[in-house]
$ cat query_19.csv   # CSV, C-alpha atoms
chain,number,residue,atom,x,y,z
A,1,MET,CA,-48.1,76.4,-188.8
A,2,THR,CA,-46.5,78.7,-191.4
A,3,LYS,CA,-43.6,77.2,-193.4
A,4,PRO,CA,-40.3,79.1,-193.3
A,5,ASN,CA,-39.8,80.6,-196.7
A,6,SER,CA,-36.3,79.2,-197.3
A,7,PHE,CA,-37.5,75.7,-196.9
A,8,LEU,CA,-40.0,76.0,-199.7
A,9,CYS,CA,-37.4,74.5,-201.9
A,10,LEU,CA,-38.2,71.2,-200.2
A,11,LEU,CA,-41.4,71.3,-202.3
A,12,ALA,CA,-39.9,73.0,-205.3
A,13,ALA,CA,-41.9,73.0,-208.5
A,14,LEU,CA,-41.2,70.2,-210.9
A,15,ALA,CA,-38.3,70.8,-213.3
A,16,LEU,CA,-37.0,69.1,-216.4
A,17,ILE,CA,-34.7,66.2,-215.6
A,18,ALA,CA,-31.1,67.4,-216.0
A,19,THR,CA,-27.9,65.5,-216.3
A,20,PRO,CA,-25.7,66.1,-213.3
A,21,VAL,CA,-22.6,68.0,-214.2
A,22,LEU,CA,-19.3,67.0,-212.4
A,23,CYS,CA,-16.4,69.1,-211.3
A,24,THR,CA,-13.0,67.5,-211.0
A,25,PRO,CA,-13.1,66.4,-207.3
A,26,ALA,CA,-10.4,67.1,-204.9
A,27,ASN,CA,-8.5,64.2,-203.6
A,28,GLY,CA,-10.5,63.2,-200.5
A,29,ALA,CA,-10.4,60.7,-197.8
A,30,VAL,CA,-12.5,59.0,-195.2
A,31,GLY,CA,-14.0,61.6,-192.8
A,32,ASP,CA,-14.5,64.2,-195.5
A,33,ILE,CA,-17.8,66.2,-195.2
A,34,PHE,CA,-20.1,66.5,-198.1
A,35,GLU,CA,-22.9,69.1,-198.1
A,36,THR,CA,-25.7,70.0,-200.5
A,37,ASN,CA,-25.9,73.7,-201.3
A,38,GLU,CA,-28.3,75.1,-203.9
A,39,GLY,CA,-27.4,73.1,-207.1
A,40,ASN,CA,-24.1,71.8,-205.8
A,41,VAL,CA,-22.5,69.3,-203.6
A,42,LEU,CA,-19.6,70.8,-201.6
A,43,ARG,CA,-16.7,68.9,-200.0
A,44,PHE,CA,-14.8,69.8,-196.9
A,45,GLY,CA,-11.9,68.2,-195.2
A,46,PRO,CA,-12.6,66.9,-191.6
A,47,SER,CA,-11.2,70.2,-190.2
A,48,GLY,CA,-13.4,72.4,-192.4
A,49,GLY,CA,-12.1,75.4,-194.2
A,50,THR,CA,-13.0,76.6,-197.7
A,51,PRO,CA,-15.0,73.8,-199.5
A,52,THR,CA,-14.5,72.6,-203.1
A,53,ASN,CA,-17.2,71.7,-205.5
A,54,PHE,CA,-17.6,68.0,-205.8
A,55,ALA,CA,-20.6,68.1,-208.2
A,56,THR,CA,-22.7,70.7,-209.9
A,57,GLY,CA,-25.7,70.7,-212.2
A,58,LEU,CA,-28.3,69.5,-209.7
A,59,SER,CA,-31.5,71.4,-209.4
A,60,SER,CA,-32.5,71.2,-205.7
A,61,PRO,CA,-30.2,68.7,-203.9
A,62,LYS,CA,-31.3,67.7,-200.4
A,63,ASP,CA,-30.2,64.7,-198.4
A,64,ILE,CA,-26.9,62.8,-198.9
A,65,VAL,CA,-26.1,59.3,-197.8
A,66,PHE,CA,-23.1,56.9,-198.3
A,67,ASP,CA,-23.4,53.2,-198.7
A,68,GLY,CA,-20.0,52.4,-197.2
A,69,ARG,CA,-18.9,50.9,-200.5
A,70,GLY,CA,-17.5,54.0,-202.2
A,71,ARG,CA,-20.7,55.5,-203.4
A,72,MET,CA,-22.7,58.6,-202.4
A,73,TYR,CA,-26.4,59.1,-203.1
A,74,VAL,CA,-28.1,62.5,-203.4
A,75,ALA,CA,-31.8,63.3,-203.5
A,76,ASP,CA,-32.5,65.9,-206.2
A,77,ALA,CA,-35.9,67.2,-205.1
A,78,ALA,CA,-36.8,69.4,-208.1
A,79,ASN,CA,-35.7,66.8,-210.6
A,80,ASN,CA,-37.4,63.9,-208.7
A,81,LEU,CA,-34.2,61.9,-208.9
A,82,VAL,CA,-31.7,60.1,-206.7
A,83,VAL,CA,-28.2,60.5,-208.2
A,84,VAL,CA,-25.3,58.2,-207.3
A,85,TYR,CA,-21.7,59.3,-207.4
A,86,THR,CA,-18.6,57.2,-207.2
A,87,VAL,CA,-16.1,58.6,-204.7
A,88,PRO,CA,-13.5,59.9,-205.2
A,89,ASP,CA,-13.6,60.1,-209.0
A,90,GLY,CA,-17.0,61.8,-209.1
A,91,SER,CA,-18.6,59.9,-211.9
A,92,ALA,CA,-22.4,60.1,-211.7
A,93,ALA,CA,-25.5,58.2,-212.8
A,94,VAL,CA,-29.2,58.4,-212.1
A,95,TYR,CA,-29.8,55.7,-209.5
A,96,ALA,CA,-33.6,56.0,-209.5
A,97,ALA,CA,-36.2,58.4,-211.0
A,98,ASP,CA,-39.9,59.3,-210.9
A,99,PHE,CA,-40.1,60.4,-207.3
A,100,SER,CA,-42.3,63.2,-206.0
A,101,SER,CA,-40.0,65.7,-204.3
A,102,PRO,CA,-37.5,63.2,-202.7
A,103,ILE,CA,-35.9,64.8,-199.6
A,104,GLY,CA,-34.5,62.2,-197.1
A,105,LEU,CA,-32.3,59.2,-197.8
A,106,ALA,CA,-31.3,56.3,-195.5
A,107,PHE,CA,-29.8,52.9,-195.9
A,108,ASP,CA,-30.7,49.8,-193.8
A,109,ALA,CA,-28.0,47.3,-192.9
A,110,ASN,CA,-29.0,45.1,-195.8
A,111,GLY,CA,-28.4,47.8,-198.4
A,112,SER,CA,-31.9,48.8,-199.2
A,113,LEU,CA,-32.3,52.6,-199.9
A,114,TYR,CA,-35.2,54.4,-198.3
A,115,VAL,CA,-36.4,57.7,-199.9
A,116,SER,CA,-38.9,60.1,-198.4
A,117,GLU,CA,-41.3,61.9,-200.7
A,118,ALA,CA,-42.3,65.3,-199.3
A,119,THR,CA,-45.4,65.8,-201.5
A,120,THR,CA,-46.9,62.3,-201.1
A,121,GLY,CA,-46.0,61.5,-197.5
A,122,LYS,CA,-44.5,58.2,-198.7
A,123,ILE,CA,-41.3,56.3,-197.8
A,124,ILE,CA,-40.1,54.4,-200.8
A,125,LYS,CA,-37.9,51.3,-200.4
A,126,ILE,CA,-35.4,50.2,-203.1
A,127,THR,CA,-33.7,46.9,-202.6
A,128,ILE,CA,-30.2,46.1,-203.9
A,129,ASP,CA,-31.7,44.4,-207.0
A,130,GLY,CA,-33.7,47.5,-207.8
A,131,THR,CA,-37.1,46.3,-206.6
A,132,ARG,CA,-39.2,49.3,-205.5
A,133,THR,CA,-42.0,49.3,-203.0
A,134,THR,CA,-43.9,51.7,-200.8
A,135,PHE,CA,-42.5,51.0,-197.3
A,136,ALA,CA,-45.0,53.5,-195.6
A,137,ALA,CA,-47.6,55.9,-196.9
A,138,ASN,CA,-48.3,57.9,-193.7
A,139,ALA,CA,-45.2,59.9,-193.0
A,140,GLY,CA,-46.8,63.4,-193.2
A,141,THR,CA,-44.3,65.7,-194.9
A,142,PRO,CA,-41.2,63.5,-194.5
A,143,ALA,CA,-37.7,65.0,-194.6
A,144,GLY,CA,-34.6,63.5,-193.0
A,145,MET,CA,-34.4,59.9,-191.8
A,146,ALA,CA,-32.2,57.6,-189.9
A,147,PHE,CA,-32.1,53.9,-188.8
A,148,ASP,CA,-31.3,52.8,-185.3
A,149,ALA,CA,-29.3,49.6,-184.5
A,150,SER,CA,-32.5,47.6,-184.2
A,151,GLY,CA,-33.7,48.4,-187.7
A,152,ASN,CA,-36.3,51.0,-186.7
A,153,LEU,CA,-36.6,54.0,-189.1
A,154,PHE,CA,-37.0,57.5,-187.6
A,155,VAL,CA,-38.5,60.1,-189.9
A,156,ALA,CA,-38.9,63.8,-189.4
A,157,ASP,CA,-42.3,65.1,-190.4
A,158,PHE,CA,-41.5,68.7,-191.3
A,159,ASP,CA,-45.0,70.1,-191.5
A,160,GLY,CA,-46.4,67.9,-188.8
A,161,GLY,CA,-43.9,68.9,-186.1
A,162,ALA,CA,-43.3,65.2,-185.3
A,163,VAL,CA,-40.8,62.4,-185.5
A,164,TYR,CA,-42.2,59.0,-186.4
A,165,LYS,CA,-40.8,55.6,-185.7
A,166,PHE,CA,-41.4,52.9,-188.2
A,167,ASP,CA,-40.6,49.3,-187.4
A,168,SER,CA,-39.3,46.8,-190.0
A,169,ALA,CA,-42.8,46.1,-191.1
A,170,GLY,CA,-43.6,49.8,-191.7
A,171,THR,CA,-45.9,50.2,-188.7
A,172,ARG,CA,-45.8,53.8,-187.4
A,173,THR,CA,-45.7,55.1,-183.9
A,174,THR,CA,-45.2,58.8,-182.9
A,175,PHE,CA,-41.9,59.0,-181.2
A,176,ALA,CA,-42.0,62.8,-180.6
A,177,SER,CA,-44.5,65.6,-181.2
A,178,GLY,CA,-44.9,69.3,-180.6
A,179,LEU,CA,-41.7,70.2,-182.6
A,180,SER,CA,-41.2,73.2,-184.9
A,181,PHE,CA,-40.5,72.0,-188.4
A,182,PRO,CA,-38.0,69.2,-187.7
A,183,ALA,CA,-35.8,68.7,-190.7
A,184,ASP,CA,-33.4,65.9,-190.0
A,185,VAL,CA,-32.6,63.0,-187.7
A,186,ALA,CA,-29.3,61.5,-186.6
A,187,ILE,CA,-28.6,58.6,-184.1
A,188,ASP,CA,-25.5,58.2,-182.1
A,189,THR,CA,-23.8,54.9,-181.1
A,190,ALA,CA,-25.7,54.9,-177.8
A,191,GLY,CA,-29.0,55.0,-179.6
A,192,ASN,CA,-29.9,58.6,-178.7
A,193,ILE,CA,-31.9,60.3,-181.4
A,194,PHE,CA,-31.0,63.9,-182.4
A,195,VAL,CA,-33.4,66.1,-184.3
A,196,SER,CA,-32.7,69.5,-186.0
A,197,ASP,CA,-35.7,71.6,-185.0
A,198,SER,CA,-35.4,74.2,-187.7
A,199,GLU,CA,-37.8,76.9,-186.6
A,200,SER,CA,-36.7,76.9,-182.9
A,201,GLY,CA,-33.0,76.9,-184.0
A,202,SER,CA,-32.3,74.0,-181.7
A,203,ILE,CA,-30.8,70.5,-181.8
A,204,LEU,CA,-33.0,68.3,-179.7
A,205,LYS,CA,-31.7,65.1,-178.1
A,206,PHE,CA,-34.0,62.2,-177.2
A,207,THR,CA,-33.0,59.1,-175.3
A,208,PRO,CA,-34.3,55.8,-176.7
A,209,ASP,CA,-37.2,56.0,-174.3
A,210,GLY,CA,-38.2,59.4,-175.6
A,211,THR,CA,-36.8,61.7,-172.8
A,212,ARG,CA,-36.1,65.1,-174.4
A,213,THR,CA,-33.4,67.6,-173.7
A,214,THR,CA,-31.9,70.5,-175.8
A,215,PHE,CA,-28.4,69.6,-177.0
A,216,ALA,CA,-27.7,72.9,-178.8
A,217,SER,CA,-29.6,76.2,-179.2
A,218,ASN,CA,-29.3,79.7,-180.7
A,219,LEU,CA,-28.9,78.4,-184.2
A,220,SER,CA,-30.6,80.2,-187.1
A,221,ARG,CA,-32.2,77.4,-189.0
A,222,PRO,CA,-30.6,74.0,-188.7
A,223,TYR,CA,-31.4,71.5,-191.4
A,224,GLY,CA,-29.1,68.6,-192.0
A,225,ILE,CA,-27.3,66.8,-189.2
A,226,ALA,CA,-24.9,63.8,-189.2
A,227,PHE,CA,-22.4,62.2,-186.9
A,228,ASP,CA,-18.7,61.6,-187.8
A,229,ALA,CA,-16.7,58.6,-186.7
A,230,SER,CA,-15.5,60.4,-183.5
A,231,GLY,CA,-19.1,61.0,-182.3
A,232,ASN,CA,-19.1,64.7,-183.2
A,233,LEU,CA,-22.4,66.1,-184.5
A,234,LEU,CA,-22.2,68.1,-187.7
A,235,VAL,CA,-24.9,70.6,-188.4
A,236,ALA,CA,-25.8,72.6,-191.6
A,237,ASP,CA,-27.3,75.9,-190.4
A,238,ASN,CA,-29.2,77.0,-193.5
A,239,GLU,CA,-30.0,80.6,-192.6
A,240,GLU,CA,-26.7,81.4,-191.1
A,241,GLY,CA,-24.8,79.9,-194.0
A,242,ALA,CA,-22.7,77.9,-191.5
A,243,THR,CA,-21.4,74.4,-191.2
A,244,LEU,CA,-20.8,73.6,-187.5
A,245,ARG,CA,-19.4,70.7,-185.4
A,246,TYR,CA,-20.5,69.9,-181.9
A,247,ALA,CA,-18.4,67.7,-179.7
A,248,PRO,CA,-20.2,65.2,-177.5
A,249,ASP,CA,-20.0,67.7,-174.6
A,250,GLY,CA,-21.8,70.3,-176.8
A,251,LYS,CA,-18.7,72.5,-177.6
A,252,GLN,CA,-19.2,74.2,-180.9
A,253,THR,CA,-16.6,74.7,-183.7
A,254,VAL,CA,-17.4,76.6,-186.9
A,255,LEU,CA,-16.1,74.6,-189.9
A,256,PHE,CA,-17.3,77.1,-192.6
A,257,GLU,CA,-19.4,80.2,-192.6
A,258,SER,CA,-20.4,82.5,-195.5
A,259,ASN,CA,-23.3,84.9,-196.3
A,260,PHE,CA,-23.5,83.2,-199.7
A,261,ASN,CA,-23.7,79.7,-198.3
A,262,THR,CA,-27.1,78.0,-198.0
A,263,PRO,CA,-26.3,74.5,-196.7
A,264,GLN,CA,-29.1,71.9,-196.8
A,265,PHE,CA,-28.1,68.4,-195.7
A,266,LEU,CA,-24.7,66.8,-195.1
A,267,ALA,CA,-22.9,63.5,-194.7
A,268,VAL,CA,-19.5,62.2,-193.7
A,269,GLU,CA,-17.6,59.8,-195.9
A,270,PRO,CA,-17.4,56.5,-194.0
A,271,ALA,CA,-14.7,53.9,-194.0
A,272,SER,CA,-15.8,51.0,-196.3
A,273,HIS,CA,-16.4,47.6,-194.6
A,274,GLN,CA,-13.6,45.2,-195.1
A,275,LEU,CA,-12.9,41.6,-194.1
A,276,LEU,CA,-10.2,39.2,-195.1
A,277,ASN,CA,-11.2,35.6,-195.4
A,278,VAL,CA,-10.5,33.5,-192.2
A,279,SER,CA,-9.9,29.8,-191.8
A,280,THR,CA,-9.1,28.0,-188.6
A,281,ARG,CA,-8.7,24.2,-187.8
A,282,GLY,CA,-8.9,22.7,-184.3
A,283,LEU,CA,-10.0,19.9,-182.1
A,284,VAL,CA,-13.6,20.2,-180.9
A,285,GLN,CA,-14.1,18.6,-177.5
A,286,THR,CA,-16.9,18.8,-175.0
A,287,GLY,CA,-18.0,21.6,-172.6
A,288,ASP,CA,-16.1,24.8,-173.1
A,289,ASN,CA,-13.4,23.1,-175.2
A,290,VAL,CA,-14.8,24.3,-178.5
A,291,LEU,CA,-13.3,25.7,-181.7
A,292,ILE,CA,-13.4,29.5,-181.8
A,293,ALA,CA,-12.6,31.9,-184.6
A,294,GLY,CA,-12.6,35.6,-183.9
A,295,PHE,CA,-12.7,38.1,-186.7
A,296,VAL,CA,-13.2,41.8,-187.2
A,297,VAL,CA,-15.2,43.7,-189.9
A,298,GLY,CA,-13.8,47.1,-190.3
A,299,GLY,CA,-15.6,50.2,-191.6
A,300,THR,CA,-18.4,52.6,-190.5
A,301,GLY,CA,-20.7,52.6,-193.5
A,302,PRO,CA,-24.4,52.2,-193.0
A,303,VAL,CA,-24.6,49.2,-195.3
A,304,GLY,CA,-23.1,46.0,-193.9
A,305,THR,CA,-21.0,43.5,-195.8
A,306,SER,CA,-22.2,40.0,-196.7
A,307,VAL,CA,-20.4,37.2,-194.9
A,308,LEU,CA,-20.6,33.4,-195.1
A,309,VAL,CA,-19.4,31.4,-192.1
A,310,ARG,CA,-18.9,27.6,-192.5
A,311,ALA,CA,-18.2,24.8,-190.1
A,312,LEU,CA,-16.7,21.7,-191.8
A,313,GLY,CA,-16.2,18.2,-190.4
A,314,PRO,CA,-17.3,15.2,-192.4
A,315,SER,CA,-15.8,16.5,-195.7
A,316,LEU,CA,-12.4,16.7,-194.2
A,317,ALA,CA,-12.0,13.0,-194.3
A,318,GLN,CA,-11.5,13.1,-198.1
A,319,PHE,CA,-8.3,15.1,-197.4
A,320,GLY,CA,-6.9,12.3,-195.3
A,321,LEU,CA,-7.7,14.0,-192.0
A,322,ALA,CA,-8.4,11.4,-189.2
A,323,ASN,CA,-11.0,11.9,-186.5
A,324,ALA,CA,-13.0,14.5,-188.4
A,325,LEU,CA,-16.0,15.9,-186.5
A,326,ALA,CA,-19.0,14.0,-187.7
A,327,ASP,CA,-21.7,16.7,-187.2
A,328,PRO,CA,-20.5,20.3,-186.5
A,329,VAL,CA,-22.9,22.9,-185.0
A,330,LEU,CA,-22.1,26.6,-185.7
A,331,GLU,CA,-22.9,29.7,-183.7
A,332,LEU,CA,-22.1,33.4,-184.6
A,333,ARG,CA,-22.0,36.0,-181.9
A,334,ASN,CA,-21.1,39.7,-181.7
A,335,ALA,CA,-18.6,41.4,-179.4
A,336,SER,CA,-21.2,41.4,-176.6
A,337,GLY,CA,-21.8,37.7,-176.9
A,338,VAL,CA,-25.2,38.2,-178.4
A,339,LEU,CA,-26.2,35.3,-180.7
A,340,ILE,CA,-26.5,36.5,-184.3
A,341,GLY,CA,-27.3,33.1,-185.8
A,342,SER,CA,-26.8,29.4,-185.3
A,343,ASN,CA,-27.0,26.3,-187.6
A,344,ASP,CA,-26.6,22.6,-187.4
A,345,ASN,CA,-27.2,21.2,-190.9
A,346,TRP,CA,-26.7,23.9,-193.6
A,347,LYS,CA,-29.8,22.9,-195.7
A,348,ASP,CA,-32.1,23.4,-192.7
A,349,SER,CA,-32.2,27.1,-193.5
A,350,GLN,CA,-31.0,29.6,-196.2
A,351,GLN,CA,-30.3,26.7,-198.6
A,352,ALA,CA,-31.0,28.6,-201.8
A,353,ALA,CA,-29.1,31.7,-200.7
A,354,ILE,CA,-26.1,29.7,-199.5
A,355,THR,CA,-26.0,27.6,-202.7
A,356,ALA,CA,-26.1,30.8,-204.8
A,357,THR,CA,-22.8,31.9,-203.2
A,358,GLY,CA,-21.0,28.9,-204.7
A,359,LEU,CA,-19.6,28.1,-201.2
A,360,ALA,CA,-22.1,25.6,-199.9
A,361,PRO,CA,-20.6,22.8,-197.8
A,362,THR,CA,-20.4,19.5,-199.7
A,363,ASN,CA,-21.8,17.5,-196.8
A,364,ASP,CA,-25.4,18.0,-195.6
A,365,LEU,CA,-24.3,17.6,-191.9
A,366,GLU,CA,-22.0,20.6,-192.1
A,367,SER,CA,-23.1,24.1,-191.1
A,368,ALA,CA,-23.2,27.5,-192.6
A,369,ILE,CA,-24.6,30.9,-191.8
A,370,LEU,CA,-25.1,33.7,-194.4
A,371,THR,CA,-25.5,37.1,-192.9
A,372,VAL,CA,-24.9,40.9,-193.2
A,373,LEU,CA,-22.5,42.4,-190.7
A,374,ASN,CA,-21.6,46.0,-189.9
A,375,GLY,CA,-18.3,47.0,-188.5
A,376,GLY,CA,-17.3,45.2,-185.3
A,377,SER,CA,-15.8,42.2,-183.7
A,378,PHE,CA,-17.4,38.8,-184.0
A,379,THR,CA,-16.8,35.2,-182.9
A,380,ALA,CA,-17.7,31.9,-184.7
A,381,ILE,CA,-18.0,28.9,-182.4
A,382,VAL,CA,-18.1,25.3,-183.5
A,383,ARG,CA,-19.4,22.5,-181.2
A,384,GLY,CA,-20.2,18.9,-181.9
A,385,ALA,CA,-23.8,17.8,-182.1
A,386,ASN,CA,-24.9,15.7,-179.1
A,387,GLY,CA,-21.5,16.2,-177.5
A,388,SER,CA,-19.5,14.6,-180.3
A,389,THR,CA,-15.9,15.4,-180.7
A,390,GLY,CA,-13.3,15.6,-183.5
A,391,THR,CA,-11.4,17.9,-185.7
A,392,ALA,CA,-13.2,20.7,-187.6
A,393,VAL,CA,-12.5,23.7,-189.7
A,394,VAL,CA,-14.3,27.1,-189.4
A,395,GLU,CA,-14.2,29.5,-192.3
A,396,VAL,CA,-15.3,33.1,-192.8
A,397,TYR,CA,-15.8,34.4,-196.3
A,398,HIS,CA,-16.2,38.0,-197.4
A,399,LEU,CA,-18.7,37.9,-200.2
A,400,GLN,CA,-18.7,41.6,-201.4
$ encode --input "query_19.csv" --output "structure tokens"
Amino acid sequence: MTKPNSFLCLLAALALIATPVLCTPANGAVGDIFETNEGNVLRFGPSGGTPTNFATGLSSPKDIVFDGRGRMYVADAANNLVVVYTVPDGSAAVYAADFSSPIGLAFDANGSLYVSEATTGKIIKITIDGTRTTFAANAGTPAGMAFDASGNLFVADFDGGAVYKFDSAGTRTTFASGLSFPADVAIDTAGNIFVSDSESGSILKFTPDGTRTTFASNLSRPYGIAFDASGNLLVADNEEGATLRYAPDGKQTVLFESNFNTPQFLAVEPASHQLLNVSTRGLVQTGDNVLIAGFVVGGTGPVGTSVLVRALGPSLAQFGLANALADPVLELRNASGVLIGSNDNWKDSQQAAITATGLAPTNDLESAILTVLNGGSFTAIVRGANGSTGTAVVEVYHLQ
């Protein structure tokens, strides 16, 4: 296959590391669209219109990703950097360096950043504490990437005309093949995988089982794609110089178009995850007469928020509470009733991590679950071990 000339910048020659230059950012909001364009990062309102410069001084910026905590990350391919920006003030810093043509970026739910290297075929993983490892070394010429809800990473192999699926252990399977320079991947809330097929000028849609249809066609050279919070697909058409929005039914809206525009990749600023601490006391009886605490985590960012859920019983006696539940058992479920985690005695699992929060229960028979949650509704349920009854307290703490 012959590589389209304008995508050669994916494999740009090495350049001296430059310090990103910032413009004064416009006041923005959740839902704003950010797009890499030559050496700049442009910013649009959700309705499009003429963009403003959010940042300049990059050499060959490619993919953009938000962590849902007010920070935006940009892969600068020619400088072999990932640069992090604080939104909305625009302050910048080098997040990580010494890559080999970094192109695609993606966060998993635990906050680890994955970086695709076009020249080595590697996917690099950087955990929150900065630990850097090679997640996979067989991704071809990897470009855009996206995680599904099950933690599988989908990677577009630009030269190989394929999309690979990597499980959490880094094992690769070929999800789709026979494509024409796929540049980016985006996944909707139903788990459908969308791929920008740059040479054919199409956006392809794959169901989770791999069934393929054409979602949009007659584009010039689509590169970056991303979903907004309303389920619309945004597309950067590099050759046409256009930024487009497609409704779920495929209806197209032009957000911006210019002969001088060369859009690469784009992202939508998400709502940050937020949770207020929750505490509920009640009488735990038998059967379905349990203590229940429902809570909601807001936000749409890809990185979840750390939450500690506690069920207290024996320690309540020191506060003069009679009939305290002697041995609480805790469950955490999502809005569909799927079990996320359960615990009887908190030291049975996660002891070190829970202790490090400073919120460990004071009694070994009490329960705790430490987990990372994305936006959604959740339910904490407290029962008594072996059918025991008594008064208990369930608490939910937002850790970050």
$ closest_atom_pairs --input "query_19.csv" --of "region 302-369 of chain A" --to "region 64-88 of chain A" --cutoff "10 Å" --atoms "all atoms listed in the file" --output "Markdown table"
| residue | atom | partner | partner_atom | distance |
| --- | --- | --- | --- | --- |
| A:Pro302 | CA | A:Asp67 | CA | 5.9 |
| A:Val303 | CA | A:Asp67 | CA | 5.4 |
| A:Gly304 | CA | A:Gly68 | CA | 7.8 |
| A:Thr305 | CA | A:Arg69 | CA | 9.0 |
$ residues_around --input "query_19.csv" --residues "region 105-114 of chain A" --least-positions-apart "4" --cutoff "10 Å" --atoms "all atoms listed in the file" --output "PyMOL selection string"
chain A and resi 62-68+73-75+82+123-135+143-155+168+301-306+371-374
$ closest_residue --input "query_19.csv" --among "A:Ser91, A:Ser388, A:Gln264, A:Thr50" --to "Ala226 (chain A)" --atoms "only C-alpha atoms"
A:Gln264
$ residues_around --input "query_19.csv" --residues "Phe34 (chain A)" --least-positions-apart "3" --cutoff "7 Å" --atoms "all atoms listed in the file" --output "number ranges by chain"
A: 41-44, 266-268
$ closest_residue --input "query_19.csv" --among "A:Tyr397, A:Phe181, A:Phe265, A:Phe256" --to "Ser279 (chain A)" --atoms "all atoms listed in the file"
A:Tyr397
$ residues_around --input "query_19.csv" --residues "Gln252 (chain A)" --least-positions-apart "2" --cutoff "12 Å" --atoms "all atoms listed in the file" --output "MDAnalysis selection string"
chainID A and resid 215:219 232:235 242:250 254:255
$ write_last_selection --input "query_19.csv" --atoms "C-alpha atoms" --output "PDB file, in the coordinates of the input"
ATOM      1  CA  PHE A 215     -28.400  69.600-177.000  1.00  0.00           C
ATOM      2  CA  ALA A 216     -27.700  72.900-178.800  1.00  0.00           C
ATOM      3  CA  SER A 217     -29.600  76.200-179.200  1.00  0.00           C
ATOM      4  CA  ASN A 218     -29.300  79.700-180.700  1.00  0.00           C
ATOM      5  CA  LEU A 219     -28.900  78.400-184.200  1.00  0.00           C
ATOM      6  CA  ASN A 232     -19.100  64.700-183.200  1.00  0.00           C
ATOM      7  CA  LEU A 233     -22.400  66.100-184.500  1.00  0.00           C
ATOM      8  CA  LEU A 234     -22.200  68.100-187.700  1.00  0.00           C
ATOM      9  CA  VAL A 235     -24.900  70.600-188.400  1.00  0.00           C
ATOM     10  CA  ALA A 242     -22.700  77.900-191.500  1.00  0.00           C
ATOM     11  CA  THR A 243     -21.400  74.400-191.200  1.00  0.00           C
ATOM     12  CA  LEU A 244     -20.800  73.600-187.500  1.00  0.00           C
ATOM     13  CA  ARG A 245     -19.400  70.700-185.400  1.00  0.00           C
ATOM     14  CA  TYR A 246     -20.500  69.900-181.900  1.00  0.00           C
ATOM     15  CA  ALA A 247     -18.400  67.700-179.700  1.00  0.00           C
ATOM     16  CA  PRO A 248     -20.200  65.200-177.500  1.00  0.00           C
ATOM     17  CA  ASP A 249     -20.000  67.700-174.600  1.00  0.00           C
ATOM     18  CA  GLY A 250     -21.800  70.300-176.800  1.00  0.00           C
ATOM     19  CA  VAL A 254     -17.400  76.600-186.900  1.00  0.00           C
ATOM     20  CA  LEU A 255     -16.100  74.600-189.900  1.00  0.00           C
TER      21      LEU A 255
END
$ closest_residue --input "query_19.csv" --among "A:Gly287, A:Gly210, A:Gly45, A:Gly104" --to "Ile33 (chain A)" --atoms "only C-alpha atoms"
A:Gly45
$ residues_around --input "query_19.csv" --residues "region 355-363 of chain A" --least-positions-apart "4" --cutoff "8 Å" --atoms "only C-alpha atoms" --output "NGL selection string"
:A and (310 or 312 or 314-315 or 346 or 351 or 367-368 or 399)
$ atom_distance --input "query_19.csv" --atom1 "CA of Phe378 (chain A)" --atom2 "CA of Glu331 (chain A)"
10.6 Å
$ atom_distance --input "query_19.csv" --atom1 "CA of Gln350 (chain A)" --atom2 "CA of Arg172 (chain A)"
29.7 Å
$ closest_residue --input "query_19.csv" --among "A:Ala271, A:Ala183, A:Val309, A:Ala352" --to "Asn238 (chain A)" --atoms "all atoms listed in the file"
A:Ala183
$ closest_residue --input "query_19.csv" --among "A:Ser272, A:Asp197, A:Thr174, A:Ala380" --to "Asn343 (chain A)" --atoms "only C-alpha atoms"
A:Ala380
$ atom_distance --input "query_19.csv" --atom1 "CA of Gly390 (chain A)" --atom2 "CA of Ala324 (chain A)"
5.0 Å
$ closest_residue --input "query_19.csv" --among "A:Gly387, A:Gly313, A:Gly375, A:Gly49" --to "Asn345 (chain A)" --atoms "only C-alpha atoms"
A:Gly313
